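Next comes run-v6.cif, a file with mmCIF, C-alpha atoms and all ligand atoms.
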data_upload
#
loop_
_atom_site.group_PDB
_atom_site.id
_atom_site.type_symbol
_atom_site.label_atom_id
_atom_site.label_comp_id
_atom_site.auth_asym_id
_atom_site.auth_seq_id
_atom_site.Cartn_x
_atom_site.Cartn_y
_atom_site.Cartn_z
ATOM 1 C CA MET A 262 50.575 6.160 -5.605
ATOM 2 C CA PRO A 263 51.436 2.480 -5.030
ATOM 3 C CA GLU A 264 48.607 0.007 -5.262
ATOM 4 C CA PRO A 265 47.135 -1.401 -2.037
ATOM 5 C CA THR A 266 48.790 -4.700 -1.162
ATOM 6 C CA HIS A 267 45.525 -6.583 -0.893
ATOM 7 C CA LYS A 268 41.853 -6.265 -1.689
ATOM 8 C CA ARG A 269 38.642 -7.024 0.076
ATOM 9 C CA THR A 270 35.838 -7.147 -2.383
ATOM 10 C CA PRO A 271 32.356 -8.620 -2.298
ATOM 11 C CA LEU A 272 32.864 -9.814 -5.869
ATOM 12 C CA ALA A 273 34.175 -13.253 -6.560
ATOM 13 C CA ASN A 274 37.261 -14.589 -8.145
ATOM 14 C CA THR A 275 37.516 -18.298 -7.779
ATOM 15 C CA THR A 276 39.884 -20.941 -6.544
ATOM 16 C CA LYS A 277 38.590 -24.283 -5.228
ATOM 17 C CA ARG A 278 34.814 -24.243 -4.822
ATOM 18 C CA LEU A 279 33.379 -24.968 -1.395
ATOM 19 C CA THR A 280 29.789 -25.631 -0.374
ATOM 20 C CA ARG A 281 28.310 -24.719 3.012
ATOM 21 C CA ASP A 282 29.086 -28.273 4.158
ATOM 22 C CA ASP A 283 32.803 -28.092 3.381
ATOM 23 C CA SER A 284 35.371 -27.187 6.009
ATOM 24 C CA PHE A 285 38.481 -25.032 6.262
ATOM 25 C CA ARG A 286 41.065 -24.302 8.953
ATOM 26 C CA PHE A 287 41.297 -20.773 10.295
ATOM 27 C CA ALA A 288 41.172 -18.604 13.403
ATOM 28 C CA CYS A 289 41.585 -14.886 13.978
ATOM 29 C CA GLY A 290 41.763 -12.722 17.094
ATOM 30 C CA PRO A 291 44.198 -10.935 19.400
ATOM 31 C CA HIS A 292 46.113 -14.211 19.854
ATOM 32 C CA VAL A 293 47.379 -14.340 16.228
ATOM 33 C CA PRO A 294 50.740 -12.643 15.549
ATOM 34 C CA CYS A 295 49.342 -10.750 12.545
ATOM 35 C CA PHE A 296 46.363 -9.274 14.467
ATOM 36 C CA THR A 297 44.950 -6.251 12.507
ATOM 37 C CA GLU A 298 47.726 -6.431 9.888
ATOM 38 C CA CYS A 299 45.072 -6.987 7.239
ATOM 39 C CA CYS A 300 43.298 -3.722 8.192
ATOM 40 C CA GLY A 301 45.785 -1.585 6.299
ATOM 41 C CA LYS A 302 47.067 -1.045 2.766
ATOM 42 C CA LEU A 303 43.747 -2.415 1.771
ATOM 43 C CA GLU A 304 41.265 -1.854 -1.012
ATOM 44 C CA LEU A 305 37.955 -2.248 0.793
ATOM 45 C CA ILE A 306 34.896 -1.882 -1.427
ATOM 46 C CA LEU A 307 31.781 -0.914 0.539
ATOM 47 C CA THR A 308 28.415 -2.237 -0.583
ATOM 48 C CA PRO A 309 25.229 -0.223 -0.030
ATOM 49 C CA TYR A 310 24.398 -2.378 3.005
ATOM 50 C CA ASP A 311 27.910 -1.828 4.422
ATOM 51 C CA VAL A 312 27.400 1.927 4.144
ATOM 52 C CA LEU A 313 23.994 1.693 5.779
ATOM 53 C CA ARG A 314 25.327 -0.281 8.755
ATOM 54 C CA LEU A 315 28.402 1.913 9.219
ATOM 55 C CA LYS A 316 26.690 5.288 8.936
ATOM 56 C CA THR A 317 24.021 4.128 11.407
ATOM 57 C CA ARG A 318 26.690 2.854 13.786
ATOM 58 C CA LEU A 319 28.507 6.183 13.637
ATOM 59 C CA GLY A 320 25.331 8.277 13.893
ATOM 60 C CA LEU A 321 26.112 10.057 10.632
ATOM 61 C CA SER A 322 23.966 10.948 7.660
ATOM 62 C CA SER A 323 24.757 8.943 4.533
ATOM 63 C CA GLY A 324 26.186 12.053 2.881
ATOM 64 C CA ASP A 325 28.486 12.828 5.822
ATOM 65 C CA PHE A 326 29.684 9.220 6.009
ATOM 66 C CA ILE A 327 30.417 9.110 2.279
ATOM 67 C CA ASP A 328 32.256 12.460 2.375
ATOM 68 C CA GLU A 329 34.339 11.557 5.391
ATOM 69 C CA TYR A 330 35.196 7.911 4.830
ATOM 70 C CA THR A 331 34.909 6.953 1.173
ATOM 71 C CA THR A 332 36.147 7.596 -2.320
ATOM 72 C CA MET A 333 33.866 7.009 -5.292
ATOM 73 C CA ARG A 334 35.265 5.062 -8.221
ATOM 74 C CA MET A 335 33.339 5.596 -11.423
ATOM 75 C CA ARG A 336 35.094 3.157 -13.782
ATOM 76 C CA THR A 337 34.183 -0.386 -12.736
ATOM 77 C CA ALA A 338 33.703 -3.731 -14.491
ATOM 78 C CA HIS A 339 30.007 -3.842 -13.569
ATOM 79 C CA GLY A 340 29.324 -0.343 -14.881
ATOM 80 C CA PHE A 341 28.041 1.241 -11.648
ATOM 81 C CA PRO A 342 30.140 3.370 -9.284
ATOM 82 C CA ASP A 343 31.874 1.680 -6.342
ATOM 83 C CA LEU A 344 32.491 3.247 -2.960
ATOM 84 C CA VAL A 345 35.892 2.416 -1.516
ATOM 85 C CA MET A 346 36.861 2.983 2.133
ATOM 86 C CA ARG A 347 39.384 5.824 2.331
ATOM 87 C CA MET A 348 42.451 4.624 4.200
ATOM 88 C CA ASP A 349 44.097 6.907 6.737
ATOM 89 C CA HIS A 350 47.309 7.982 5.007
ATOM 90 C CA GLU A 351 48.692 9.676 8.106
ATOM 91 C CA ALA A 352 48.396 6.358 9.934
ATOM 92 C CA GLY A 353 50.245 4.314 7.302
ATOM 93 C CA LYS A 354 47.202 3.730 5.068
ATOM 94 C CA ARG A 355 45.342 1.925 7.835
ATOM 95 C CA CYS A 356 41.572 1.593 7.917
ATOM 96 C CA PRO A 357 40.130 4.553 9.856
ATOM 97 C CA PHE A 358 38.354 2.112 12.187
ATOM 98 C CA VAL A 359 41.265 -0.081 13.244
ATOM 99 C CA THR A 360 42.632 0.308 16.774
ATOM 100 C CA ALA A 361 45.246 -1.574 18.798
ATOM 101 C CA GLY A 362 42.376 -3.570 20.284
ATOM 102 C CA GLY A 363 40.896 -4.504 16.905
ATOM 103 C CA CYS A 364 38.025 -3.199 14.814
ATOM 104 C CA SER A 365 36.194 -0.313 16.520
ATOM 105 C CA VAL A 366 33.043 -0.942 14.449
ATOM 106 C CA TYR A 367 33.177 -4.722 14.817
ATOM 107 C CA GLU A 368 29.414 -5.391 15.094
ATOM 108 C CA ASP A 369 28.839 -3.337 11.935
ATOM 109 C CA ARG A 370 32.045 -4.086 10.026
ATOM 110 C CA PRO A 371 31.678 -4.511 6.256
ATOM 111 C CA GLY A 372 30.677 -7.817 4.741
ATOM 112 C CA ALA A 373 34.079 -8.314 3.116
ATOM 113 C CA CYS A 374 35.755 -8.034 6.559
ATOM 114 C CA ARG A 375 33.280 -10.513 8.053
ATOM 115 C CA ILE A 376 33.482 -13.208 5.446
ATOM 116 C CA TYR A 377 37.292 -13.242 5.126
ATOM 117 C CA PRO A 378 39.031 -15.715 4.639
ATOM 118 C CA LEU A 379 36.156 -16.846 2.452
ATOM 119 C CA GLY A 380 34.743 -15.311 -0.683
ATOM 120 C CA ARG A 381 31.302 -16.025 -2.096
ATOM 121 C CA ALA A 382 29.880 -16.227 -5.614
ATOM 122 C CA SER A 383 26.158 -16.352 -6.161
ATOM 123 C CA THR A 384 24.049 -16.542 -9.332
ATOM 124 C CA ARG A 385 20.359 -16.607 -10.120
ATOM 125 C CA HIS A 386 19.189 -19.013 -12.823
ATOM 126 C CA PRO A 387 17.797 -16.938 -15.744
ATOM 127 C CA LEU A 388 14.835 -19.276 -16.305
ATOM 128 C CA HIS A 389 13.623 -20.724 -13.003
ATOM 129 C CA GLY A 390 15.062 -17.941 -10.811
ATOM 130 C CA GLY A 391 16.641 -20.317 -8.268
ATOM 131 C CA ARG A 392 19.825 -19.093 -6.647
ATOM 132 C CA SER A 393 23.059 -21.080 -6.447
ATOM 133 C CA GLU A 394 26.196 -20.149 -4.559
ATOM 134 C CA PHE A 395 29.645 -21.381 -3.784
ATOM 135 C CA TYR A 396 32.476 -20.284 -1.534
ATOM 136 C CA PHE A 397 36.247 -20.234 -1.883
ATOM 137 C CA VAL A 398 39.205 -19.586 0.403
ATOM 138 C CA VAL A 399 41.109 -16.328 -0.119
ATOM 139 C CA ARG A 400 44.631 -17.025 1.134
ATOM 140 C CA GLU A 401 46.671 -13.878 1.796
ATOM 141 C CA ASP A 402 50.408 -14.357 2.428
ATOM 142 C CA HIS A 403 50.566 -12.208 5.570
ATOM 143 C CA CYS A 404 47.623 -13.991 7.223
ATOM 144 C CA LYS A 405 48.661 -16.435 9.952
ATOM 145 C CA GLY A 406 45.074 -17.431 10.629
ATOM 146 C CA PHE A 407 45.507 -20.493 8.432
ATOM 147 C CA GLU A 408 48.170 -21.842 10.827
ATOM 148 C CA GLN A 409 45.649 -22.024 13.671
ATOM 149 C CA PRO A 410 44.166 -25.432 14.520
ATOM 150 C CA LYS A 411 40.475 -24.406 14.518
ATOM 151 C CA GLU A 412 38.280 -26.113 11.870
ATOM 152 C CA TRP A 413 35.059 -24.520 10.600
ATOM 153 C CA LEU A 414 32.275 -25.661 8.371
ATOM 154 C CA VAL A 415 31.511 -22.900 5.881
ATOM 155 C CA SER A 416 27.967 -22.739 7.289
ATOM 156 C CA GLU A 417 29.316 -22.301 10.841
ATOM 157 C CA TRP A 418 31.608 -19.492 9.727
ATOM 158 C CA LEU A 419 28.787 -17.639 7.963
ATOM 159 C CA GLU A 420 26.611 -17.827 11.045
ATOM 160 C CA ASP A 421 29.416 -16.869 13.400
ATOM 161 C CA GLN A 422 30.244 -13.814 11.299
ATOM 162 C CA GLY A 423 26.612 -12.696 10.864
ATOM 163 C CA MET A 424 26.667 -12.909 7.069
ATOM 164 C CA GLU A 425 23.012 -13.660 6.379
ATOM 165 C CA ASP A 426 21.736 -10.071 5.938
ATOM 166 C CA TYR A 427 24.882 -9.075 4.040
ATOM 167 C CA ASN A 428 24.516 -11.961 1.575
ATOM 168 C CA ARG A 429 20.838 -11.224 1.002
ATOM 169 C CA MET A 430 21.461 -7.539 0.299
ATOM 170 C CA ASN A 431 24.500 -8.246 -1.846
ATOM 171 C CA ASP A 432 22.509 -10.702 -3.953
ATOM 172 C CA LEU A 433 20.018 -7.919 -4.704
ATOM 173 C CA LEU A 434 22.863 -5.608 -5.681
ATOM 174 C CA MET A 435 24.398 -8.306 -7.881
ATOM 175 C CA GLU A 436 21.129 -8.582 -9.802
ATOM 176 C CA LEU A 437 21.584 -4.965 -10.891
ATOM 177 C CA TYR A 438 25.207 -5.580 -11.850
ATOM 178 C CA VAL A 439 24.239 -8.654 -13.861
ATOM 179 C CA HIS A 440 21.570 -6.696 -15.735
ATOM 180 C CA ARG A 441 24.197 -4.205 -16.720
ATOM 181 C CA THR A 442 26.914 -6.649 -17.782
ATOM 182 C CA ARG A 443 24.477 -8.799 -19.765
ATOM 183 C CA GLY A 444 24.004 -5.730 -21.944
ATOM 184 C CA ARG A 445 20.222 -5.821 -21.651
ATOM 185 C CA SER A 446 20.157 -2.318 -20.303
ATOM 186 C CA VAL A 447 20.029 1.067 -21.874
ATOM 187 C CA ALA A 448 23.376 2.843 -21.691
ATOM 188 C CA LEU A 449 23.706 4.440 -18.270
ATOM 189 C CA GLY A 450 23.791 8.199 -18.509
ATOM 190 C CA GLN A 451 24.746 10.634 -15.784
ATOM 191 C CA GLN A 452 21.171 10.766 -14.551
ATOM 192 C CA HIS A 453 20.987 6.961 -14.204
ATOM 193 C CA VAL A 454 24.254 6.956 -12.299
ATOM 194 C CA GLN A 455 22.914 9.648 -9.947
ATOM 195 C CA MET A 456 19.734 7.616 -9.406
ATOM 196 C CA PHE A 457 21.834 4.568 -8.510
ATOM 197 C CA ILE A 458 23.998 6.529 -6.076
ATOM 198 C CA MET A 459 21.001 8.132 -4.388
ATOM 199 C CA ALA A 460 18.967 4.936 -4.027
ATOM 200 C CA CYS A 461 21.829 2.665 -2.974
ATOM 201 C CA TYR A 462 23.962 4.924 -0.827
ATOM 202 C CA ASN A 463 21.918 7.868 0.393
ATOM 203 C CA THR A 464 19.112 6.698 2.672
ATOM 204 C CA GLU A 465 17.940 10.177 3.646
ATOM 205 C CA ARG A 466 17.792 11.519 0.119
ATOM 206 C CA PHE A 467 16.048 8.428 -1.287
ATOM 207 C CA ARG A 468 13.466 8.561 1.524
ATOM 208 C CA SER A 469 12.799 12.248 0.752
ATOM 209 C CA PHE A 470 12.453 11.384 -2.907
ATOM 210 C CA ILE A 471 9.747 8.847 -2.048
ATOM 211 C CA PHE A 472 7.849 10.816 0.591
ATOM 212 C CA GLU A 473 8.329 14.399 -0.539
ATOM 213 C CA SER A 474 7.714 14.052 -4.267
ATOM 214 C CA PRO A 475 4.781 12.774 -6.366
ATOM 215 C CA PHE A 476 6.317 9.272 -6.141
ATOM 216 C CA LEU A 477 3.554 7.722 -4.015
ATOM 217 C CA ARG A 478 0.868 9.196 -6.270
ATOM 218 C CA LYS A 479 2.491 7.562 -9.286
ATOM 219 C CA PHE A 480 3.044 4.038 -7.964
ATOM 220 C CA HIS A 481 0.708 1.526 -6.353
ATOM 221 C CA LEU A 482 2.601 0.469 -3.236
ATOM 222 C CA ASP A 483 1.270 -1.789 -0.539
ATOM 223 C CA LEU A 484 0.517 0.260 2.600
ATOM 224 C CA THR A 485 2.535 -2.079 4.799
ATOM 225 C CA LEU A 486 5.499 -1.562 2.522
ATOM 226 C CA VAL A 487 5.071 2.216 2.602
ATOM 227 C CA GLU A 488 5.027 2.253 6.390
ATOM 228 C CA SER A 489 8.054 -0.023 6.628
ATOM 229 C CA ILE A 490 10.222 1.993 4.239
ATOM 230 C CA ARG A 491 9.239 5.160 6.123
ATOM 231 C CA VAL A 492 11.055 3.958 9.254
ATOM 232 C CA ASP A 493 13.243 0.967 8.374
ATOM 233 C CA ASP A 494 16.462 1.744 6.477
ATOM 234 C CA ALA A 495 17.131 -1.878 5.495
ATOM 235 C CA LYS A 496 13.629 -2.226 4.021
ATOM 236 C CA LEU A 497 14.174 1.060 2.208
ATOM 237 C CA LEU A 498 17.379 -0.297 0.672
ATOM 238 C CA GLU A 499 15.600 -3.467 -0.480
ATOM 239 C CA PHE A 500 12.975 -1.236 -2.074
ATOM 240 C CA ALA A 501 15.743 0.820 -3.696
ATOM 241 C CA PHE A 502 16.977 -2.247 -5.578
ATOM 242 C CA GLN A 503 13.421 -2.948 -6.713
ATOM 243 C CA TRP A 504 12.924 0.635 -7.897
ATOM 244 C CA LEU A 505 16.252 0.682 -9.735
ATOM 245 C CA LYS A 506 15.283 -2.425 -11.701
ATOM 246 C CA PHE A 507 12.166 -0.577 -12.783
ATOM 247 C CA ALA A 508 13.748 2.807 -13.402
ATOM 248 C CA LEU A 509 16.966 1.675 -15.097
ATOM 249 C CA PHE A 510 15.989 -1.558 -16.812
ATOM 250 C CA GLN A 511 12.204 -1.257 -17.256
ATOM 251 C CA GLU A 512 11.626 -4.460 -15.248
ATOM 252 C CA PRO A 513 7.977 -4.543 -14.086
ATOM 253 C CA THR A 514 8.920 -4.610 -10.411
ATOM 254 C CA LEU A 515 6.548 -1.727 -9.547
ATOM 255 C CA LYS A 516 2.956 -1.053 -10.511
ATOM 256 C CA VAL A 517 2.367 2.353 -12.060
ATOM 257 C CA ARG A 518 -0.925 4.221 -11.469
ATOM 258 C CA GLY A 519 -1.076 6.426 -14.573
ATOM 259 C CA ALA A 520 -0.115 5.820 -18.182
ATOM 260 C CA ASP A 521 2.170 8.861 -18.083
ATOM 261 C CA ALA A 522 4.233 7.514 -15.180
ATOM 262 C CA THR A 523 6.892 5.768 -17.226
ATOM 263 C CA PRO A 524 10.356 5.241 -15.773
ATOM 264 C CA ASN A 525 11.517 8.289 -17.736
ATOM 265 C CA GLY A 526 8.834 10.396 -16.097
ATOM 266 C CA LEU A 527 9.892 9.431 -12.595
ATOM 267 C CA ARG A 528 13.257 10.989 -12.190
ATOM 268 C CA PRO A 529 14.557 12.070 -8.806
ATOM 269 C CA PRO A 530 15.107 15.764 -8.240
ATOM 270 C CA PRO A 531 18.544 17.056 -9.238
ATOM 271 C CA GLU A 532 21.148 16.896 -6.478
ATOM 272 C CA GLN A 533 21.345 20.098 -4.389
HETATM 273 S S1 LIG B 601 45.809 -11.254 8.778
HETATM 274 FE FE1 LIG B 601 44.370 -12.998 9.003
HETATM 275 S S2 LIG B 601 44.658 -13.837 11.076
HETATM 276 FE FE2 LIG B 601 45.717 -11.857 10.952
HETATM 277 S S3 LIG B 601 44.216 -10.428 11.796
HETATM 278 FE FE3 LIG B 601 43.917 -10.440 9.575
HETATM 279 S S4 LIG B 601 42.364 -12.004 9.170
HETATM 280 FE FE4 LIG B 601 43.101 -12.295 11.270
HETATM 281 S S1 LIG B 602 36.278 -2.130 9.102
HETATM 282 FE FE1 LIG B 602 37.203 -3.122 10.864
HETATM 283 S S2 LIG B 602 37.708 -5.208 10.176
HETATM 284 FE FE2 LIG B 602 37.345 -3.968 8.342
HETATM 285 S S3 LIG B 602 39.351 -3.220 7.713
HETATM 286 FE FE3 LIG B 602 38.440 -1.658 9.027
HETATM 287 S S4 LIG B 602 39.178 -2.110 11.098
HETATM 288 FE FE4 LIG B 602 39.538 -3.932 9.827
#

Could you quickly redo this structure as structure tokens?
Ligand code: SF4
Ligand code: SF4
Amino acid sequence: MPEPTHKRTPLANTTKRLTRDDSFRFACGPHVPCFTECCGKLELILTPYDVLRLKTRLGLSSGDFIDEYTTMRMRTAHGFPDLVMRMDHEAGKRCPFVTAGGCSVYEDRPGACRIYPLGRASTRHPLHGGRSEFYFVVREDHCKGFEQPKEWLVSEWLEDQGMEDYNRMNDLLMELYVHRTRGRSVALGQQHVQMFIMACYNTERFRSFIFESPFLRKFHLDLTLVESIRVDDAKLLEFAFQWLKFALFQEPTLKVRGADATPNGLRPPPEQ
């Protein structure tokens, strides 16, 4: 099978670094001659927050969304599985959500679709914990958006595209990836991989794991937090990243009630 002609990925590769105060020239919309050309023959990696937004938009369970629209790739540079949007082969390998009028899930489109033509790299300082970031322009040959006269500040583009929540969630995900690639972790076995998939990509199953297992008897969790993760999927995902740091890397992100409740004693139930 030929490779996709271009990639959209939340992970950075760098050209010239831009700050939020730098500018670039770009415009996209039905007026450009290449409108929706970039929504095909595409490798589109979906982050956990992308999946959450899309499955909610479509009124699907996480499992149904993943089965219908994604392929899981197990071999990745960061060591965790990636979910990749499954292109519609009968429609010329186009994204399943592209229409003649544009993106049919526009308000909930993935972060990589929003931020294009920019990419973002973000790191947390290992000592003081402060976060730094930079941006870069991803110039694809077929994209005529760069010929348009409109100038943007990077900060204006991020706001216009609604990137704030996506960046925040992706930073939390990156912290797990960095743990793994720094080699401070235990080797990830099948069970760890299943824990990652459940917590990051399967809202319903992770919520059941918390509320229908001894989980809440084993951890001290603030009551406000418990009530928020019961009803709020985004809060649940933030908690998932916190739990994974504890369960996979033994980071003290959660407070355990009993001496026996070690990460190894707090496994999720096997998948049905
Ligand atoms: S190729 Fe560029 S200008 Fe054309 S639709 Fe895609 S992002 Fe917009
Ligand atoms: S999700 Fe929307 S913007 Fe992204 S590739 Fe698909 S149709 Fe295009």

Close residues to ligand LIG 601 (chain B) using all atoms listed in the file, limit 9 Å, as number ranges by chain: A: 287-300, 363, 374, 377-378, 400-409

Exercise answer, 9 Å around ligand LIG 602 (chain B) with all atoms listed in the file, as a ChimeraX atom specification: /A:269,297-301,303,305,315,346,348,355-360,363-367,369-375

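What separates CA of Val492 in chain A from CA of Phe472 in chain A is a distance of 11.5 Å.
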
Residues selected by the PyMOL selection byres (((chain A and resi 310) around 9) and not hetatm), written as a ChimeraX atom specification: /A:307-309,311-315,371-372,426-427,430-431,461-462,495,498

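CA of Gln503 in chain A is found 29.7 Å from CA of Val415 in chain A.
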
Residues selected by the PyMOL selection byres (((chain A and resi 329) around 12) and not hetatm), written as a list of chain:residue names: A:Val312, A:Leu315, A:Lys316, A:Leu319, A:Leu321, A:Ser322, A:Ser323, A:Gly324, A:Asp325, A:Phe326, A:Ile327, A:Asp328, A:Tyr330, A:Thr331, A:Thr332, A:Met333, A:Leu344, A:Val345, A:Met346, A:Arg347, A:Met348, A:Asp349, A:Pro357

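Note that the spacing between CA of Phe507 in chain A and CA of Glu425 in chain A amounts to 25.6 Å.
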
Picked residues, the PyMOL selection byres (((chain A and resi 456) around 9) and not hetatm), as a VMD selection string: chain A and resid 451 to 455 457 to 461 467 505 508 to 509 528 to 529

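Taking only C-alpha atoms, the non-local environment of range 475-484 of chain A within 6 Å (same-chain residues fewer than 2 positions away omitted) comprises Ile471, Leu486, Val487, Lys516, Val517 and Arg518 of chain A.
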